[in-house]
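Trainee: Input final-v2.cif, format and content: mmCIF, C-alpha atoms.
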data_upload
loop_
_atom_site.label_atom_id
_atom_site.label_comp_id
_atom_site.auth_asym_id
_atom_site.auth_seq_id
_atom_site.Cartn_x
_atom_site.Cartn_y
_atom_site.Cartn_z
CA MET A 81 -47.24 -77.10 136.86
CA ASN A 82 -49.48 -77.70 139.89
CA ALA A 83 -48.66 -76.43 143.37
CA ARG A 84 -47.29 -79.77 144.58
CA ALA A 85 -45.02 -80.16 141.57
CA ALA A 86 -43.77 -76.60 142.02
CA ARG A 87 -43.00 -77.35 145.65
CA THR A 88 -41.09 -80.47 144.69
CA ALA A 89 -39.06 -78.70 141.99
CA ALA A 90 -38.13 -75.90 144.34
CA ALA A 91 -37.27 -78.27 147.17
CA THR A 92 -34.80 -80.21 145.01
CA GLY A 93 -33.02 -77.09 143.77
CA THR A 94 -29.52 -75.94 144.61
CA SER A 95 -30.33 -73.23 147.16
CA ARG A 96 -28.20 -73.74 150.24
CA LEU A 97 -29.78 -74.16 153.64
CA LEU A 98 -26.59 -73.68 155.65
CA THR A 99 -25.77 -70.06 154.97
CA ARG A 100 -23.50 -68.22 157.41
CA PRO A 101 -26.38 -66.50 159.26
CA MET A 102 -28.19 -69.83 159.53
CA LEU A 103 -25.10 -71.58 160.90
CA LEU A 104 -24.63 -68.88 163.54
CA LEU A 105 -28.31 -69.09 164.45
CA LEU A 106 -27.91 -72.84 164.94
CA VAL A 107 -24.86 -72.36 167.17
CA ALA A 108 -26.63 -69.79 169.35
CA SER A 109 -29.79 -71.89 169.54
CA VAL A 110 -27.88 -75.07 170.43
CA GLY A 111 -26.14 -73.23 173.27
CA GLY A 112 -29.35 -71.75 174.62
CA MET A 113 -31.38 -74.93 174.32
CA GLY A 114 -28.51 -76.92 175.78
CA GLY A 115 -28.81 -74.82 178.91
CA PHE A 116 -32.57 -75.38 178.84
CA TYR A 117 -32.58 -79.16 178.38
CA LEU A 118 -29.73 -79.90 180.76
CA LEU A 119 -31.88 -78.79 183.69
CA LEU A 120 -35.34 -79.60 182.33
CA SER A 121 -35.64 -82.92 184.17
CA VAL A 122 -33.07 -82.05 186.86
CA LEU A 123 -34.91 -79.15 188.51
CA PRO A 124 -38.07 -81.24 189.16
CA LEU A 125 -35.86 -83.90 190.77
CA TYR A 126 -34.09 -81.20 192.76
CA ALA A 127 -37.39 -79.78 194.02
CA ALA A 128 -38.90 -83.20 194.78
CA THR A 129 -35.91 -84.48 196.73
CA ALA A 130 -35.83 -81.21 198.68
CA GLY A 131 -39.29 -81.97 200.07
CA GLY A 132 -41.52 -80.48 197.40
CA GLY A 133 -42.88 -83.85 196.26
CA GLY A 134 -44.85 -84.25 193.06
CA VAL A 135 -46.53 -80.87 193.39
CA GLY A 136 -43.19 -79.11 193.86
CA ALA A 137 -41.72 -80.94 190.86
CA GLY A 138 -44.62 -79.87 188.70
CA LEU A 139 -44.40 -76.28 189.88
CA THR A 140 -40.78 -75.94 188.72
CA THR A 141 -41.70 -76.74 185.13
CA GLY A 142 -44.99 -74.87 185.44
CA ALA A 143 -43.29 -71.69 186.70
CA MET A 144 -40.76 -71.78 183.89
CA MET A 145 -43.43 -72.29 181.25
CA LEU A 146 -45.59 -69.53 182.77
CA ALA A 147 -42.72 -67.06 182.46
CA THR A 148 -42.10 -68.28 178.92
CA VAL A 149 -45.73 -67.77 177.90
CA LEU A 150 -45.77 -64.27 179.41
CA ALA A 151 -42.50 -63.28 177.71
CA GLU A 152 -43.18 -64.59 174.21
CA PRO A 153 -45.75 -62.01 173.05
CA ALA A 154 -43.24 -59.23 173.76
CA VAL A 155 -40.42 -60.78 171.73
CA PRO A 156 -41.38 -59.24 168.34
CA TRP A 157 -41.33 -55.80 169.98
CA PHE A 158 -37.94 -56.52 171.56
CA LEU A 159 -36.58 -57.65 168.19
CA ALA A 160 -37.85 -54.53 166.44
CA ARG A 161 -36.48 -52.28 169.18
CA PHE A 162 -33.12 -53.90 169.94
CA GLY A 163 -32.40 -56.37 167.12
CA HIS A 164 -31.59 -60.07 167.08
CA ARG A 165 -28.09 -59.76 168.52
CA ALA A 166 -29.00 -58.03 171.75
CA VAL A 167 -32.20 -60.00 172.30
CA VAL A 168 -30.77 -63.47 171.64
CA GLY A 169 -27.70 -62.59 173.71
CA ALA A 170 -29.91 -61.64 176.65
CA SER A 171 -31.82 -64.91 176.31
CA LEU A 172 -28.61 -66.94 176.61
CA LEU A 173 -27.65 -65.10 179.80
CA LEU A 174 -31.10 -65.67 181.31
CA LEU A 175 -31.03 -69.38 180.48
CA GLY A 176 -27.62 -69.95 182.02
CA LEU A 177 -26.52 -67.54 184.71
CA PRO A 178 -29.47 -67.87 187.16
CA SER A 179 -28.79 -71.60 187.47
CA ALA A 180 -25.35 -70.83 188.92
CA VAL A 181 -27.09 -69.13 191.87
CA LEU A 182 -28.52 -72.49 192.93
CA SER A 183 -25.00 -73.81 193.43
CA LEU A 184 -24.54 -71.21 196.18
CA TRP A 185 -27.94 -71.12 197.91
CA SER A 186 -30.70 -73.69 198.15
CA SER A 187 -34.38 -73.01 198.79
CA PHE A 188 -37.62 -73.82 197.03
CA PRO A 189 -38.64 -70.15 196.49
CA LEU A 190 -35.21 -69.45 195.00
CA THR A 191 -35.60 -72.47 192.73
CA LEU A 192 -38.91 -71.10 191.46
CA GLY A 193 -37.29 -67.71 190.89
CA VAL A 194 -34.54 -69.32 188.82
CA CYS A 195 -37.20 -71.17 186.83
CA LEU A 196 -39.01 -67.90 186.13
CA ALA A 197 -35.82 -66.24 184.85
CA ARG A 198 -34.99 -69.25 182.69
CA GLY A 199 -38.52 -69.21 181.33
CA VAL A 200 -38.09 -65.65 180.08
CA GLY A 201 -34.85 -66.64 178.37
CA LEU A 202 -36.52 -69.64 176.78
CA GLY A 203 -39.42 -67.56 175.49
CA ILE A 204 -37.04 -65.14 173.82
CA VAL A 205 -34.76 -67.66 172.12
CA VAL A 206 -37.50 -69.89 170.71
CA VAL A 207 -39.61 -67.08 169.22
CA ALA A 208 -36.66 -65.18 167.78
CA GLY A 209 -34.99 -68.32 166.46
CA THR A 210 -38.09 -69.85 164.86
CA ALA A 211 -39.05 -66.66 163.03
CA LEU A 212 -35.49 -66.07 161.84
CA ALA A 213 -35.14 -69.68 160.62
CA ALA A 214 -38.29 -69.23 158.52
CA GLU A 215 -37.04 -65.93 157.07
CA LEU A 216 -33.60 -67.34 156.22
CA ALA A 217 -35.05 -70.29 154.28
CA PRO A 218 -34.32 -70.37 150.52
CA PRO A 219 -37.31 -70.39 148.16
CA GLY A 220 -39.39 -73.55 148.30
CA ARG A 221 -37.48 -75.09 151.21
CA ARG A 222 -39.07 -73.50 154.25
CA SER A 223 -40.36 -76.75 155.79
CA GLU A 224 -36.98 -78.39 155.33
CA ASN A 225 -35.20 -75.39 156.83
CA LEU A 226 -37.55 -75.50 159.80
CA GLY A 227 -36.83 -79.21 160.05
CA LEU A 228 -33.09 -78.50 160.06
CA TYR A 229 -33.63 -75.90 162.77
CA GLY A 230 -35.67 -78.47 164.70
CA VAL A 231 -32.83 -80.97 164.46
CA SER A 232 -30.43 -78.39 165.88
CA LEU A 233 -32.78 -77.89 168.83
CA GLY A 234 -33.04 -81.66 169.17
CA VAL A 235 -29.30 -82.15 169.61
CA PRO A 236 -29.31 -80.48 173.05
CA SER A 237 -32.32 -82.56 174.05
CA VAL A 238 -30.60 -85.78 172.95
CA LEU A 239 -27.58 -84.98 175.10
CA GLY A 240 -28.99 -82.67 177.75
CA LEU A 241 -32.09 -84.50 178.99
CA PRO A 242 -30.38 -87.80 179.88
CA ALA A 243 -27.02 -86.21 180.72
CA GLY A 244 -28.55 -83.87 183.28
CA VAL A 245 -30.25 -86.74 185.11
CA TRP A 246 -27.15 -88.94 184.92
CA LEU A 247 -24.74 -86.21 186.07
CA SER A 248 -26.95 -85.12 188.95
CA ASP A 249 -27.11 -88.73 190.12
CA ARG A 250 -23.32 -89.15 189.91
CA LEU A 251 -21.98 -85.72 190.88
CA GLY A 252 -24.86 -83.99 192.62
CA PHE A 253 -26.92 -81.02 191.50
CA GLU A 254 -24.42 -78.17 191.96
CA PRO A 255 -21.96 -79.22 189.18
CA VAL A 256 -24.88 -79.49 186.75
CA PHE A 257 -26.00 -75.97 187.63
CA LEU A 258 -22.50 -74.61 186.92
CA LEU A 259 -22.17 -76.59 183.69
CA THR A 260 -25.43 -75.06 182.46
CA ALA A 261 -24.11 -71.54 183.01
CA ALA A 262 -20.86 -72.33 181.20
CA LEU A 263 -22.63 -73.91 178.21
CA THR A 264 -24.78 -70.86 177.48
CA LEU A 265 -21.85 -68.44 177.85
CA LEU A 266 -19.86 -70.40 175.26
CA ALA A 267 -22.58 -69.71 172.67
CA LEU A 268 -22.50 -65.93 173.11
CA PRO A 269 -19.83 -65.19 170.41
CA ALA A 270 -22.14 -66.61 167.71
CA VAL A 271 -24.72 -63.94 168.52
CA ALA A 272 -22.47 -61.25 167.01
CA GLY A 273 -22.99 -62.72 163.54
CA LEU A 274 -26.80 -62.71 163.60
CA PRO A 275 -28.74 -60.08 161.61
CA ALA A 276 -28.90 -56.83 163.54
CA ARG A 277 -32.60 -56.44 162.74
CA ARG A 278 -35.38 -58.58 161.32
CA ALA A 279 -34.30 -60.22 158.09
CA THR A 280 -37.31 -58.92 156.17
CA ARG A 281 -36.61 -55.34 157.21
CA ALA A 282 -32.90 -55.64 156.41
CA THR A 283 -33.64 -57.05 152.99
CA ARG A 284 -36.09 -54.27 152.19
CA ASP A 285 -33.67 -51.57 153.30
CA GLU A 286 -30.81 -53.08 151.29
CA ARG A 287 -33.00 -53.34 148.22
CA LEU A 288 -33.97 -49.67 148.45
CA SER A 289 -30.34 -48.63 148.87
CA GLY A 290 -29.28 -50.65 145.85
CA ASP A 291 -26.94 -52.88 147.85
CA PRO A 292 -26.33 -56.05 145.82
CA GLY A 293 -26.19 -58.07 149.01
CA GLY A 294 -29.85 -57.34 149.52
CA ARG A 295 -31.12 -58.95 146.32
CA SER A 296 -34.62 -60.23 146.72
CA GLU A 297 -33.64 -63.80 145.92
CA GLU A 298 -31.80 -64.14 149.23
CA LEU A 299 -34.85 -63.85 151.43
CA GLY A 300 -37.57 -63.23 148.95
CA GLY A 301 -37.90 -63.80 145.21
CA ARG A 302 -36.74 -62.16 142.01
CA LYS A 303 -39.16 -60.01 140.07
CA GLY A 304 -40.73 -62.24 137.53
CA ASP A 305 -39.90 -65.36 139.57
CA PRO A 306 -41.89 -68.24 138.07
CA GLY A 307 -42.85 -69.18 141.59
CA GLY A 308 -45.20 -66.19 141.37
CA ARG A 309 -44.13 -63.99 144.28
CA ASN A 310 -46.32 -60.96 144.32
CA GLU A 311 -46.63 -58.30 147.00
CA GLU A 312 -45.28 -60.37 149.90
CA PRO A 313 -41.70 -61.60 149.28
CA GLY A 314 -41.30 -65.32 149.76
CA VAL A 315 -45.00 -66.15 149.24
CA ARG A 316 -46.08 -67.95 146.10
CA ASN A 317 -49.40 -67.61 144.36
CA GLY A 318 -51.15 -70.92 144.25
CA GLU A 319 -49.89 -72.02 147.65
CA LEU A 320 -51.78 -71.71 150.89
CA GLY A 321 -49.86 -68.67 152.13
CA GLY A 322 -49.82 -66.85 148.81
CA ARG A 323 -53.43 -65.89 148.20
CA SER A 324 -54.41 -62.27 148.42
CA GLU A 325 -56.70 -63.21 151.26
CA ASP A 326 -55.47 -66.06 153.42
CA PRO A 327 -58.00 -68.66 154.58
CA GLY A 328 -59.71 -67.65 157.75
CA VAL A 329 -58.22 -64.15 157.74
CA ARG A 330 -60.64 -61.26 157.57
CA LYS A 331 -59.85 -57.72 156.63
CA GLY A 332 -59.27 -55.71 159.73
CA THR A 333 -57.61 -58.57 161.64
CA PRO A 334 -55.63 -56.98 164.45
CA ASP A 335 -51.85 -56.89 164.41
CA GLY A 336 -49.60 -58.61 166.93
CA PRO A 337 -50.01 -62.11 168.41
CA LEU A 338 -53.77 -61.57 168.66
CA GLY A 339 -53.91 -61.13 164.90
CA ALA A 340 -52.45 -64.57 164.38
CA ALA A 341 -54.54 -66.09 167.14
CA VAL A 342 -57.84 -65.03 165.57
CA ASN A 343 -56.86 -66.53 162.20
CA ARG A 344 -59.30 -69.45 162.11
CA SER A 345 -57.01 -71.56 159.96
CA LEU A 346 -54.43 -71.60 162.80
CA VAL A 347 -56.76 -72.77 165.57
CA ARG A 348 -56.60 -76.52 164.94
CA PRO A 349 -52.79 -76.74 164.52
CA THR A 350 -52.40 -74.67 167.70
CA LEU A 351 -54.76 -76.94 169.65
CA ILE A 352 -53.03 -80.10 168.39
CA LEU A 353 -49.59 -78.77 169.28
CA GLY A 354 -50.77 -77.76 172.75
CA ALA A 355 -52.10 -81.26 173.41
CA ALA A 356 -48.84 -82.89 172.29
CA THR A 357 -46.71 -80.58 174.42
CA PHE A 358 -49.05 -81.19 177.37
CA ALA A 359 -47.95 -84.82 177.18
CA SER A 360 -44.32 -83.76 176.72
CA GLY A 361 -44.48 -81.64 179.88
CA VAL A 362 -45.77 -84.67 181.75
CA LEU A 363 -43.04 -86.92 180.39
CA VAL A 364 -39.93 -84.77 180.90
CA THR A 365 -41.03 -83.73 184.39
CA PHE A 366 -42.27 -86.99 185.84
CA LEU A 367 -40.77 -89.93 183.95
CA PRO A 368 -37.54 -89.88 186.03
CA LEU A 369 -39.65 -89.76 189.20
CA ALA A 370 -42.00 -92.50 187.97
CA LEU A 371 -39.06 -94.80 187.27
CA LEU A 372 -37.27 -94.27 190.60
CA GLY A 373 -36.64 -97.64 192.19
CA GLY A 374 -36.91 -99.40 188.84
CA PRO A 375 -34.15 -100.85 186.64
CA SER A 376 -30.91 -98.91 186.82
CA HIS A 377 -30.57 -96.08 184.28
CA LEU A 378 -33.93 -96.86 182.64
CA ALA A 379 -35.01 -93.22 182.96
CA VAL A 380 -31.77 -92.03 181.35
CA VAL A 381 -32.11 -94.48 178.46
CA ALA A 382 -35.81 -93.66 177.97
CA LEU A 383 -35.13 -89.91 177.82
CA LEU A 384 -32.21 -90.51 175.45
CA VAL A 385 -34.35 -92.58 173.09
CA GLN A 386 -37.19 -90.07 173.03
CA ALA A 387 -34.85 -87.13 172.59
CA SER A 388 -32.95 -88.88 169.77
CA VAL A 389 -36.01 -89.91 167.77
CA ALA A 390 -37.88 -86.58 168.00
CA PRO A 391 -35.45 -84.34 166.05
CA LEU A 392 -35.00 -86.98 163.35
CA ALA A 393 -38.77 -87.20 163.00
CA ARG A 394 -39.00 -83.42 162.92
CA TRP A 395 -36.49 -83.17 160.08
CA GLY A 396 -38.08 -86.10 158.23
CA ALA A 397 -41.48 -84.46 158.49
CA GLY A 398 -40.01 -81.27 156.99
CA TRP A 399 -38.46 -83.19 154.08
CA TRP A 400 -41.77 -84.95 153.41
CA GLY A 401 -43.81 -81.79 153.79
CA ASP A 402 -41.89 -79.84 151.13
CA ARG A 403 -42.46 -82.64 148.62
CA HIS A 404 -45.87 -84.08 149.48
CA GLY A 405 -47.53 -81.57 151.82
CA SER A 406 -47.37 -81.61 155.60
CA SER A 407 -51.05 -82.27 156.32
CA SER A 408 -50.86 -86.01 155.53
CA LEU A 409 -48.60 -86.55 158.56
CA LEU A 410 -50.75 -84.83 161.16
CA LEU A 411 -53.13 -87.66 162.01
CA PRO A 412 -50.51 -90.46 162.33
CA ALA A 413 -48.25 -88.13 164.33
CA VAL A 414 -50.95 -87.42 166.92
CA LEU A 415 -51.78 -91.13 167.11
CA ALA A 416 -48.13 -92.02 167.73
CA VAL A 417 -47.91 -89.51 170.61
CA ALA A 418 -51.08 -90.94 172.16
CA LEU A 419 -49.91 -94.56 171.86
CA GLY A 420 -46.48 -93.70 173.24
CA THR A 421 -48.06 -92.06 176.27
CA ALA A 422 -50.49 -94.96 176.79
CA GLY A 423 -47.58 -97.42 176.84
CA LEU A 424 -46.21 -95.80 180.00
CA VAL A 425 -49.01 -97.50 181.91
CA ARG A 426 -46.61 -100.50 181.88
CA LEU A 427 -43.81 -98.84 183.83
CA GLU A 428 -42.67 -102.21 185.18
CA SER A 429 -41.61 -103.34 181.67
CA PRO A 430 -38.40 -101.75 180.36
CA VAL A 431 -39.13 -102.98 176.82
CA VAL A 432 -42.58 -101.37 176.78
CA VAL A 433 -41.17 -98.12 178.19
CA ILE A 434 -38.48 -97.91 175.49
CA VAL A 435 -40.88 -98.77 172.65
CA SER A 436 -43.28 -96.16 174.01
CA MET A 437 -40.52 -93.57 173.93
CA VAL A 438 -39.77 -94.41 170.29
CA LEU A 439 -43.43 -93.89 169.39
CA PHE A 440 -43.71 -90.73 171.45
CA GLY A 441 -40.52 -89.22 170.04
CA ALA A 442 -41.50 -89.96 166.43
CA GLY A 443 -44.97 -88.51 166.85
CA PHE A 444 -43.88 -85.51 168.88
CA GLY A 445 -41.14 -84.53 166.42
CA ALA A 446 -43.53 -84.80 163.48
CA VAL A 447 -46.25 -82.81 165.25
CA GLN A 448 -43.82 -79.96 165.89
CA ASN A 449 -42.76 -79.61 162.27
CA VAL A 450 -46.17 -80.23 160.70
CA THR A 451 -48.00 -77.70 162.86
CA LEU A 452 -45.30 -75.06 162.46
CA ALA A 453 -44.97 -75.46 158.69
CA THR A 454 -48.76 -75.48 158.29
CA MET A 455 -49.14 -72.27 160.26
CA PHE A 456 -46.41 -70.50 158.27
CA GLU A 457 -48.11 -71.57 155.03
CA ARG A 458 -51.33 -69.87 156.08
CA VAL A 459 -49.95 -66.37 156.63
CA PRO A 460 -47.88 -63.98 154.50
CA ARG A 461 -44.22 -63.49 155.33
CA SER A 462 -45.07 -60.34 157.29
CA GLY A 463 -46.96 -62.57 159.75
CA PHE A 464 -44.06 -64.96 160.48
CA GLY A 465 -43.19 -63.25 163.76
CA ARG A 466 -46.77 -63.46 165.03
CA VAL A 467 -47.05 -67.13 164.03
CA SER A 468 -43.80 -67.88 165.85
CA VAL A 469 -45.24 -66.29 168.98
CA VAL A 470 -48.54 -68.21 168.78
CA TRP A 471 -46.82 -71.53 168.04
CA ASN A 472 -44.38 -71.13 170.91
CA LEU A 473 -47.14 -69.96 173.26
CA ALA A 474 -49.06 -73.16 172.53
CA PHE A 475 -45.91 -75.23 172.95
CA ASP A 476 -44.91 -73.76 176.29
CA ALA A 477 -48.40 -73.39 177.72
CA GLY A 478 -49.01 -77.06 176.98
CA MET A 479 -45.80 -78.10 178.72
CA GLY A 480 -46.55 -75.98 181.78
CA LEU A 481 -50.14 -77.16 182.10
CA GLY A 482 -49.06 -80.76 181.64
CA ALA A 483 -46.46 -80.55 184.41
CA VAL A 484 -48.69 -78.77 186.93
CA GLY A 485 -51.86 -80.72 186.11
CA PHE A 486 -50.14 -84.09 186.24
CA GLY A 487 -48.47 -83.19 189.54
CA LEU A 488 -51.89 -82.56 191.07
CA LEU A 489 -53.36 -85.69 189.46
CA ILE A 490 -50.82 -88.31 190.53
CA ASP A 491 -51.36 -87.64 194.22
CA ARG A 492 -54.80 -89.19 193.67
CA THR A 493 -54.21 -91.70 190.88
CA GLY A 494 -50.54 -92.70 190.85
CA TYR A 495 -48.33 -92.66 187.78
CA PRO A 496 -49.86 -95.44 185.58
CA TRP A 497 -53.39 -94.04 185.76
CA GLY A 498 -52.03 -90.54 185.28
CA PHE A 499 -50.35 -91.57 182.02
CA ALA A 500 -53.58 -93.30 180.93
CA VAL A 501 -55.61 -90.11 181.48
CA THR A 502 -53.02 -88.13 179.50
CA ALA A 503 -53.30 -90.60 176.59
CA VAL A 504 -57.09 -90.21 176.55
CA LEU A 505 -56.70 -86.42 176.33
CA LEU A 506 -54.44 -86.89 173.32
CA LEU A 507 -56.93 -89.16 171.59
CA ALA A 508 -59.47 -86.34 171.88
CA VAL A 509 -57.48 -84.19 169.41
CA LEU A 510 -57.59 -86.85 166.68
CA GLY A 511 -60.85 -85.20 165.58
CA PRO A 512 -59.31 -81.75 165.02
CA ALA A 513 -56.37 -83.42 163.24
CA TRP A 514 -58.76 -85.18 160.86
CA HIS A 515 -60.76 -82.04 160.18
CA ASP A 516 -57.62 -80.00 159.53
CA ARG A 517 -56.49 -82.51 156.92
CA ARG A 518 -59.86 -82.24 155.17
CA TYR A 519 -59.61 -78.43 155.34
CA VAL A 520 -56.25 -78.47 153.56
CA ARG A 521 -57.54 -80.81 150.86
CA ALA A 522 -60.52 -78.52 150.23
CA GLU A 523 -58.29 -75.44 150.01
CA THR A 524 -55.84 -77.05 147.56
CA ALA A 525 -58.46 -78.76 145.36
#
Starting from the file, give its structure as structure tokens.
Mentor:
Amino acid sequence: MNARAARTAAATGTSRLLTRPMLLLLVASVGGMGGFYLLLSVLPLYAATAGGGGVGAGLTTGAMMLATVLAEPAVPWFLARFGHRAVVGASLLLLGLPSAVLSLWSSFPLTLGVCLARGVGLGIVVVAGTALAAELAPPGRRSENLGLYGVSLGVPSVLGLPAGVWLSDRLGFEPVFLLTAALTLLALPAVAGLPARRATRATRDERLSGDPGGRSEELGGRKGDPGGRNEEPGVRNGELGGRSEDPGVRKGTPDGPLGAAVNRSLVRPTLILGAATFASGVLVTFLPLALLGGPSHLAVVALLVQASVAPLARWGAGWWGDRHGSSSLLLPAVLAVALGTAGLVRLESPVVVIVSMVLFGAGFGAVQNVTLATMFERVPRSGFGRVSVVWNLAFDAGMGLGAVGFGLLIDRTGYPWGFAVTAVLLLAVLGPAWHDRRYVRAETA
């Protein structure tokens, strides 16, 4: 049986995705990301209407993403030292409670401080959640499990992005700030059911103690598993992540996030993801501002469409990837993001704006899953935490740079030309997407 057939057989097996730990992880993640998305487009509006203008709007997202990028490399250490429960619980508090302060006091420096605190919370929850979702996946269904996790993160974006803008327009900013704090606090009880430590460590300890609950098939594979697990549990021989020496990895590669970053096989997926999230940072920060004065509720509808399509595309890409390989989706996904961004040049046409958001959402959701699944395939299970850090660093750095860079650009070009320049930047990563597809074909030949 070839590698693709083995993947297909495993993906259509009976292993459950929705185990109790996975369900609790989804609940905690939905609560945390709900608090994130509810204010993602609201805080730029809040800063702009308070006199900050386009630069101030961009700085709110930029400050949050800066804090996220700085926090993410430390998350594996926090998880090893304090465990998932304490760390994810702290992230929920950081995402929610600081926003309540803005309902009491209003100033631009305070707004930036709140964004910094929320950025730390975001960095913690996305790194911890992504790595844990990969570790909790049953054999042969990692891409699909990551797709399911992506859908759970998409639900808050579907509701939160448009709802935050709509509620702030109807009720004002203060009620939205308080609602954000309440939403994250409601998710705290789910944290108690998460693994106390990293799943790989818990499984190893249980196996050594003879505990039947720690059988290798739960997070790894049985001895003699026909999938061919060898020294690293959960990694098959014959697949990209299961070779004794992964592509692009040299002996003596340093540990930590740097170790994953210098893996040459991860460079192109990281670059492609960063370009896509650059455009996403532009969109979620400035689309409501660009559409001010236009047709009523167009910004709300556009954000709703984009946020609805993206998680479906992310799950669909995971389903396809487990059965046919993820690499075939990379090029069309990047092209869809570029075309969706280019369509925003026609801001005066509601139809073009909505169609553009469909394209953008489909491409952006697929890019997220394809790049993440590809990166996990290229490292052993022991490297999952480092890959989660690198992937999330690229995601959040792209969003922050997009928001700040676009804010500086539109003062000179205006919104249509700004969106056109962003689309051109996206087209530039079609080359790396093409080369990465050829790389995967060569490795699996």
Trainee: Using all atoms listed in the file, determine which residues lie at most 8 Å from Ala355 in chain A, disregarding the query and same-chain residues fewer than 5 positions distant; provide the list as number ranges by chain.
Mentor: A: 478, 505-506, 509
Trainee: Taking all atoms listed in the file into account, name the residue in A:Glu254, A:Glu215, A:Glu428, A:Glu152 that is nearest to Leu97 in chain A.
Mentor: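 Using all atoms listed in the file, Leu97 in chain A sits closest to A:Glu215.
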Trainee: If you apply the PyMOL selection byres ((chain A and resi 219-233) around 6) to this file, what residues do you get, as a PyMOL selection string?
Mentor: chain A and resi 87+90-91+110+217-218+234-235+391+394-395+398-399+402+453
Trainee: Could you tell me how far CA of Tyr117 in chain A sits from CA of Gly193 in chain A, in Å to one decimal place?
Mentor: 17.6 Å
Trainee: Let me make sure I understand: among A:Thr421, A:Ser179, A:Ser237, A:Thr451, which one has the smallest atom-to-atom distance to Val385 in chain A if we use only C-alpha atoms?
Mentor: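 Between A:Thr421, A:Ser179, A:Ser237, A:Thr451, the residue approaching Val385 in chain A most closely is A:Ser237.
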Trainee: List the neighbours of Leu351 in chain A out to 12 Å using all atoms listed in the file; skip same-chain residues closer than 3 positions along the sequence, and give me the result as a ChimeraX atom specification.
Mentor: /A:341,344-348,354-358,414,447-448,451,455,470-475,477-478,505-506,508-513,516
Trainee: From the list A:Ala211, A:Ser360, A:Val271, A:Met113, which residue is nearest Ser462 in chain A when using all atoms listed in the file?
Mentor: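 Answer, going by the shortest atom-to-atom distance: A:Ala211.
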Trainee: Which residues, named as in the file, does the PyMOL selection byres ((chain A and resi 240-244) around 9) pick out? Answer as an MDAnalysis selection string.
Mentor: chainID A and resid 113:122 235:239 245:249 253 256 364 379:384 387
Trainee: Could those residues be written to a file, using C-alpha atoms, as a compact mmCIF listing (two decimals), in the frame of the given file?
Mentor:
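Wrote part-v7.txt, looks like this:
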# COMPACT_ATOMS: atom_id res chain seq x y z
CA MET A 113 -31.38 -74.93 174.32
CA GLY A 114 -28.51 -76.92 175.78
CA GLY A 115 -28.81 -74.82 178.91
CA PHE A 116 -32.57 -75.38 178.84
CA TYR A 117 -32.58 -79.16 178.38
CA LEU A 118 -29.73 -79.90 180.76
CA LEU A 119 -31.88 -78.79 183.69
CA LEU A 120 -35.34 -79.60 182.33
CA SER A 121 -35.64 -82.92 184.17
CA VAL A 122 -33.07 -82.05 186.86
CA VAL A 235 -29.30 -82.15 169.61
CA PRO A 236 -29.31 -80.48 173.05
CA SER A 237 -32.32 -82.56 174.05
CA VAL A 238 -30.60 -85.78 172.95
CA LEU A 239 -27.58 -84.98 175.10
CA VAL A 245 -30.25 -86.74 185.11
CA TRP A 246 -27.15 -88.94 184.92
CA LEU A 247 -24.74 -86.21 186.07
CA SER A 248 -26.95 -85.12 188.95
CA ASP A 249 -27.11 -88.73 190.12
CA PHE A 253 -26.92 -81.02 191.50
CA VAL A 256 -24.88 -79.49 186.75
CA VAL A 364 -39.93 -84.77 180.90
CA ALA A 379 -35.01 -93.22 182.96
CA VAL A 380 -31.77 -92.03 181.35
CA VAL A 381 -32.11 -94.48 178.46
CA ALA A 382 -35.81 -93.66 177.97
CA LEU A 383 -35.13 -89.91 177.82
CA LEU A 384 -32.21 -90.51 175.45
CA ALA A 387 -34.85 -87.13 172.59
Trainee: One number please: CA of Pro275 in chain A to CA of Leu196 in chain A, in Å, one decimal.
Mentor: 27.7 Å
Trainee: So how many Å separate CA of Leu212 in chain A and CA of Asp476 in chain A, to one decimal?
Mentor: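 The value is 18.9 Å.
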Trainee: Applying the PyMOL selection byres ((chain A and resi 440) around 12) to the file I just gave you, which residues come out? Please list them as a ChimeraX atom specification.
Mentor: /A:356-357,359-360,363-364,382-383,385-391,393,412-424,432-439,441-447,503,506
Trainee: Using all atoms listed in the file, find the one residue out of A:Leu182, A:Ala500, A:Ala197, A:Leu216 that sits nearest to Pro255 in chain A.
Mentor: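 For Pro255 in chain A, the nearest of the given residues is A:Leu182.
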Trainee: Go through A:Ala213, A:Leu367, A:Leu259, A:Val205 and flag the residue nearest Val167 in chain A, using all atoms listed in the file for the distances.
Mentor: A:Val205
Trainee: Could you pull the residues within 12 Å of Leu488 in chain A, counting all atoms listed in the file, minus those fewer than 6 positions along the same chain, as a list in words?
Mentor: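 Once the nearby chain positions are removed, what remains is Gly133, Gly134, Val135, Gly136, Ala137, Gly138, Leu139, Gly142, Val362, Phe366, Leu481, Gly482, Gly494, Tyr495 and Gly498 of chain A.
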Trainee: Between A:Val450, A:Leu409, A:Ala370, A:Val200, which has the minimum distance to Phe486 in chain A (counting all atoms listed in the file)?
Mentor: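 For Phe486 in chain A, the nearest of the given residues is A:Ala370.
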